[in-house]
There are 2 protein chains.
Amino acid sequence: MSEQASTPLTNINDLGEFGLIEHLTKDIKLQNTSTLKGVGDDAAVIDNGNYLTVVSTDLLVEGIHFDLMYTPLKHLGYKAVVVNLSDIYAMNAQPKQITVSIAISNRFSVEALDELYAGMLAACQAYGVDLVGGDTSSSLKGLIISITAIGQGEKDKLTYRHTARVGDLVCITGDVGAAYLGLQILEREKQLYLSNPETQPDLEDQQYLIGKQLKPEARKDMVELFAQNKLAPTAMIDVSDGVASDLMHICQDSGVGAFIEESGVPIHPDAQLMALKFNLDPITCALNGGEDYELLFTIDPADVEKIKYLPDIYIMGEIVPQSEGLTLHTKGGNIHPLKAQGWRHFNS
Amino acid sequence: MSEQASTPLTNINDLGEFGLIEHLTKDIKLQNTSTLKGVGDDAAVIDNGNYLTVVSTDLLVEGIHFDLMYTPLKHLGYKAVVVNLSDIYAMNAQPKQITVSIAISNRFSVEALDELYAGMLAACQAYGVDLVGGDTSSSLKGLIISITAIGQGEKDKLTYRHTARVGDLVCITGDVGAAYLGLQILEREKQLYLSNPETQPDLEDQQYLIGKQLKPEARKDMVELFAQNKLAPTAMIDVSDGVASDLMHICQDSGVGAFIEESGVPIHPDAQLMALKFNLDPITCALNGGEDYELLFTIDPADVEKIKYLPDIYIMGEIVPQSEGLTLHTKGGNIHPLKAQGWRHFNS
C-alpha cells in the first residue's frame, strides 16, 4: 500500500552515489548556531565553546561492503571502527568515542559476535577511543554494522575539504592501491574455493596487500606528526573511494582543479607486481582502488620544508585553477583527465 | 571460511536482548576522561567543559522494526527521527543534531527516498534539530535506517536511569498502550488485505491509536515543562520497550524495586476499547506494549506539589526497596509481579 503507483519513478541508479546524496541533502536547512558544518565533509562539526566536536558515521552491509567468506569477524570489527576514526583524523581531529549498532540474522552465534566485538574493542584500545553506546537488533538477512565516531578538534586546526587554494601542493600519506589489490586476491581465492572447496587459499606471500584490505589502520600518527611539526594542511580528506574520487571532492568543494604527476603517486612494490599479475594498470589501481584510508591533503607551498623530511608523506601534484580541471601527467609524458569513479554498488 | 566450525556455539536467542547487550558490552573499558557515561542509559554522555553532549543511536531494519505495507515512508522517516530524539529528551537534554545513514535495495525509487527524507526533515523542523551527516549505501534486501542523535544538557540537570531512590514517586507522561493497539489494527488490516486485496482498510475511526503507532511524538514539551517548573526528575527513561521493561531498567540500574497501582496507569479510552475488541487485557497492553515514547520518571516526594497541576503527568506508583521487587497492585486488589518482556525479534 505504501509504495507509490504513480508512473514515472526515478531509478536510484540514474543519480549515482554523489548525485543521490546531493539530491537527498539539498533541502536541509540548519537551525542551530552550534552546527558549524553539516553534510558534505568527512565529518560534521559542532561548536562546543571550548573546542569543536566532530561526528562521522558509516553503515556497512554484508554482501555490499564486506564478504564473510574471506573476512574474519575480528578483522571486520577492527576495520569497521578504523574507517570511522579515519574520517575524524581527516578533519585533523582526535576521535574520542564511538557508538556501534548492529543487526544480525539468526545464523550468527554469540561466539561470532564476540569475535566481531573483540575486533572493535581492539581498535578502540589501539586508538584510545571509548565505545559508549549503540543498538543491537536482528536482521532478516546478514550482518549490518552502523558506527558513529565522535571526536574533538581545536578551532584553528580543523581541516575541511573546501579550503584548498590554487598553488597548494597535493600530498598523500603511505601508499595507495594496495587494499584494492588485496581485495582482488581474496576474490580470486574465493572463486577458486567455490569451484573446488578442497583448494587451499594461496595468500601467504601477500601479507601486505591482504593486510591493507582486511586490517587497515587510520593515520593517527600523521595527525600527531602534523601537530608536532606545526603543519596545518589547507584541506584534507581520507582516501576511501579512491584518490581520484576523493581529490575530486576537495577540488569541487574548493572550486579548484589539480594536476597530478603519475611519478608522484606512491605505489607499494607488492601492489605494482600484483597489478601486473592481474593485467591491471598499477596507476589505475592506485588512483581508483579505494579503501586505502590514507590522508590526502593540500599544503601551502611555503610549508614544503616542513614535510620534506617527514616520513611517509609524498607530494603528488599541485592545485590549479578550476578551469584547468583534474589532470594526470603520465610517466609517458601525456596529460589525461583524471576520472573519479563514484560508488557502483547499485549497478552490481 | 570465516564462520567457526568448532562445536558448541551459543544461539543468540539463548541470551535474549538484554543478555546479549550485557554479554557484548561487559569488556568495555573507558579510556577518555571526557566520557562520563558509556553504554547503559538512554544516551551516552560526554563532558564538554561548558555542558554535556549526549549521544544516542538506533538502527531500524525493514521487516523487523517496520512494515512498509502499512507504513508510509514519510511517516517512517518522521518516526525514525523522533524515536532517537526521545532518547535525548529522556536524559533531560535537548537534541541539536542528527546523522542519518540508510541502505536501500534497488526496488526503492528516488521518489520513495524523497518521501522518507521529507519525513525526517519534517521531524528536524518540528524539533529544531539539524541533519548534519550520514551515509548512503545499497542493501541486498530492504531498507535499513541508522540514526544518531546528538544533544546538549546542563551538568546539574541531566537525568540518568540509575538514580531513582526508595520513596520516590513513579510518574509517566501521556498514556500508554495506544501505539501497540494501533499496530494490532494495522496488522489486522494487512492480513485482511493479503487474503483479499480488494478489501479497503477500515482505519478511519482509530486515528488516535494509529497515529500513536505511525507518527509518535517525543516529549520535548515535558522536558520544557520540567525546566519551567524547576522540576528535576531523579531518574528517567523513555518508553520504547514497554512500561514494565523500561521501569525494570530504572529499578535494576538504581538497585531498587517499584510498586505500581493499576489504577494509576493512564490508558486512553480508545486503547481500552480496542484492547477489549482484540480480547486483550488493557493493562497488559499498557505495561508491555511499547513504542509509546512517553517519559517514565521518578521524582522526590517533596516535589509532588510541583507536578500536581501539570497537565499530562500521572503518578503510577512508588519506588520501594529492591527486596520488594517490581509489583503491580491490580484494581481487583491483588498484587502480581510485574514481568518485563524483552525484545523478542530473534524468537519470531
# chains A, B, ... in the order shown; residues from 1 in each chain; ligands from 1
>>> select_by_dssp(residues="stretch 11-241 of chain B", states="helix (DSSP H, G or I)", output="ChimeraX atom specification")
/B:12-14,16-25,73-89,110-127,178-195,207-214,220-228
>>> residues_around(residues="A:Ser323", least_positions_apart="6", cutoff="12 Å", atoms="only C-alpha atoms", output="VMD selection string")
chain A and resid 166 251 to 252 255 to 259
>>> atom_distance(atom1="atom CA of B:Leu59", atom2="atom CA of A:Thr71")
23.0 Å
>>> residues_around(residues="B:Ile185", least_positions_apart="5", cutoff="10 Å", atoms="only C-alpha atoms", output="ChimeraX atom specification")
/B:179-180,190-191,201-203,206,209-210,213,274,278
>>> closest_residue(among="B:Ser86, B:Ser146, B:Thr173, B:Gln152", to="B:Asn48", atoms="only C-alpha atoms")
B:Gln152
>>> residues_around(residues="A:Met316", least_positions_apart="2", cutoff="12 Å", atoms="only C-alpha atoms", output="PyMOL selection string")
chain A and resi 168-176+243-244+247+258-267+287+296-299+313-314+318-319+327-330
>>> closest_residue(among="A:Ala123, A:Val83, A:Cys285, A:Leu131", to="chain B", atoms="only C-alpha atoms")
A:Leu131
>>> residues_around(residues="B:Gln207", least_positions_apart="6", cutoff="12 Å", atoms="only C-alpha atoms", output="PDB file with C-alpha atoms, in the first residue's frame")
ATOM      1  CA  ALA B 178      -2.079   3.037  22.313  1.00  0.00           C
ATOM      2  CA  ALA B 179       0.844   2.542  19.902  1.00  0.00           C
ATOM      3  CA  LEU B 181      -3.012  -1.311  19.753  1.00  0.00           C
ATOM      4  CA  GLY B 182      -2.506   0.864  16.679  1.00  0.00           C
ATOM      5  CA  LEU B 183      -0.074  -1.769  15.470  1.00  0.00           C
ATOM      6  CA  ILE B 185      -5.144  -2.720  13.904  1.00  0.00           C
ATOM      7  CA  LEU B 186      -2.621  -2.210  11.108  1.00  0.00           C
ATOM      8  CA  GLN B 213       1.929   3.951  16.130  1.00  0.00           C
ATOM      9  CA  LEU B 214       2.752   5.650  12.830  1.00  0.00           C
ATOM     10  CA  LYS B 215       3.567   9.187  13.917  1.00  0.00           C
ATOM     11  CA  ASP B 270      -9.754   4.265  22.579  1.00  0.00           C
ATOM     12  CA  ALA B 271      -6.991   1.920  23.742  1.00  0.00           C
TER      13      ALA B 271
END
>>> select_by_dssp(residues="stretch 169-331 of chain A", states="strand (DSSP E)", output="PyMOL selection string")
chain A and resi 169-173+235-238+256-261+295-299+313-321+326-329
>>> residues_around(residues="A:Cys124", least_positions_apart="4", cutoff="10 Å", atoms="only C-alpha atoms", output="list of chain:residue names")
A:Tyr78, A:Val81, A:Val82, A:Leu85, A:Pro95, A:Lys96, A:Gln97, A:Ile98, A:Ala118, A:Gly119, A:Met120, A:Gly128, A:Val129, A:Asp130, A:Leu131, B:Ile28, B:Lys29, B:Leu30, B:Gln31
>>> write_last_selection(atoms="N, CA and C atoms", output="PDB file, in the first residue's frame")
ATOM      1  N   TYR A  78      37.423  -4.649  13.645  1.00  0.00           N
ATOM      2  CA  TYR A  78      38.533  -3.698  13.714  1.00  0.00           C
ATOM      3  C   TYR A  78      38.417  -2.667  12.584  1.00  0.00           C
ATOM      4  N   VAL A  81      35.557  -0.037  12.782  1.00  0.00           N
ATOM      5  CA  VAL A  81      35.866   1.089  13.669  1.00  0.00           C
ATOM      6  C   VAL A  81      36.891   2.017  13.009  1.00  0.00           C
ATOM      7  N   VAL A  82      37.944   1.410  12.464  1.00  0.00           N
ATOM      8  CA  VAL A  82      39.044   2.209  11.904  1.00  0.00           C
ATOM      9  C   VAL A  82      38.578   3.139  10.778  1.00  0.00           C
ATOM     10  N   LEU A  85      37.116   6.163  12.374  1.00  0.00           N
ATOM     11  CA  LEU A  85      38.128   7.013  13.009  1.00  0.00           C
ATOM     12  C   LEU A  85      38.893   7.785  11.938  1.00  0.00           C
ATOM     13  N   PRO A  95      39.588  11.296  17.450  1.00  0.00           N
ATOM     14  CA  PRO A  95      38.388  10.556  17.850  1.00  0.00           C
ATOM     15  C   PRO A  95      38.434  10.216  19.334  1.00  0.00           C
ATOM     16  N   LYS A  96      37.287  10.283  19.985  1.00  0.00           N
ATOM     17  CA  LYS A  96      37.228  10.019  21.427  1.00  0.00           C
ATOM     18  C   LYS A  96      36.206   8.941  21.779  1.00  0.00           C
ATOM     19  N   GLN A  97      35.088   8.941  21.075  1.00  0.00           N
ATOM     20  CA  GLN A  97      34.025   7.988  21.394  1.00  0.00           C
ATOM     21  C   GLN A  97      33.452   7.394  20.100  1.00  0.00           C
ATOM     22  N   ILE A  98      32.904   6.194  20.215  1.00  0.00           N
ATOM     23  CA  ILE A  98      32.109   5.647  19.112  1.00  0.00           C
ATOM     24  C   ILE A  98      30.830   5.029  19.663  1.00  0.00           C
ATOM     25  N   ALA A 118      35.351  -8.214  19.763  1.00  0.00           N
ATOM     26  CA  ALA A 118      36.770  -8.238  20.157  1.00  0.00           C
ATOM     27  C   ALA A 118      37.571  -7.372  19.191  1.00  0.00           C
ATOM     28  N   GLY A 119      37.255  -7.464  17.904  1.00  0.00           N
ATOM     29  CA  GLY A 119      37.939  -6.640  16.912  1.00  0.00           C
ATOM     30  C   GLY A 119      37.636  -5.159  17.116  1.00  0.00           C
ATOM     31  N   MET A 120      36.391  -4.841  17.402  1.00  0.00           N
ATOM     32  CA  MET A 120      36.020  -3.431  17.607  1.00  0.00           C
ATOM     33  C   MET A 120      36.711  -2.878  18.849  1.00  0.00           C
ATOM     34  N   GLY A 128      42.669   4.633  21.443  1.00  0.00           N
ATOM     35  CA  GLY A 128      42.280   5.410  22.624  1.00  0.00           C
ATOM     36  C   GLY A 128      40.866   5.959  22.555  1.00  0.00           C
ATOM     37  N   VAL A 129      39.951   5.137  22.070  1.00  0.00           N
ATOM     38  CA  VAL A 129      38.574   5.573  21.837  1.00  0.00           C
ATOM     39  C   VAL A 129      37.644   4.749  22.732  1.00  0.00           C
ATOM     40  N   ASP A 130      36.559   5.359  23.215  1.00  0.00           N
ATOM     41  CA  ASP A 130      35.588   4.646  24.050  1.00  0.00           C
ATOM     42  C   ASP A 130      34.352   4.255  23.251  1.00  0.00           C
ATOM     43  N   LEU A 131      33.928   3.003  23.405  1.00  0.00           N
ATOM     44  CA  LEU A 131      32.649   2.571  22.840  1.00  0.00           C
ATOM     45  C   LEU A 131      31.576   2.960  23.862  1.00  0.00           C
TER      46      LEU A 131
ATOM     47  N   ILE B  28      33.961  -3.699  27.929  1.00  0.00           N
ATOM     48  CA  ILE B  28      34.295  -2.338  27.509  1.00  0.00           C
ATOM     49  C   ILE B  28      34.944  -1.581  28.665  1.00  0.00           C
ATOM     50  N   LYS B  29      36.115  -1.019  28.373  1.00  0.00           N
ATOM     51  CA  LYS B  29      36.790  -0.176  29.372  1.00  0.00           C
ATOM     52  C   LYS B  29      36.887   1.234  28.807  1.00  0.00           C
ATOM     53  N   LEU B  30      36.474   2.210  29.586  1.00  0.00           N
ATOM     54  CA  LEU B  30      36.513   3.593  29.109  1.00  0.00           C
ATOM     55  C   LEU B  30      37.905   4.171  29.330  1.00  0.00           C
ATOM     56  N   GLN B  31      38.385   4.929  28.346  1.00  0.00           N
ATOM     57  CA  GLN B  31      39.750   5.453  28.398  1.00  0.00           C
ATOM     58  C   GLN B  31      39.805   6.972  28.498  1.00  0.00           C
TER      59      GLN B  31
END
>>> closest_residue(among="B:Gly133, B:Gly77, B:Gly290, B:Pro8", to="chain A", atoms="only C-alpha atoms")
B:Gly133
>>> closest_residue(among="B:Pro197, B:Gly177, B:Gly325, B:Gly19", to="B:Gly289", atoms="only C-alpha atoms")
B:Gly177
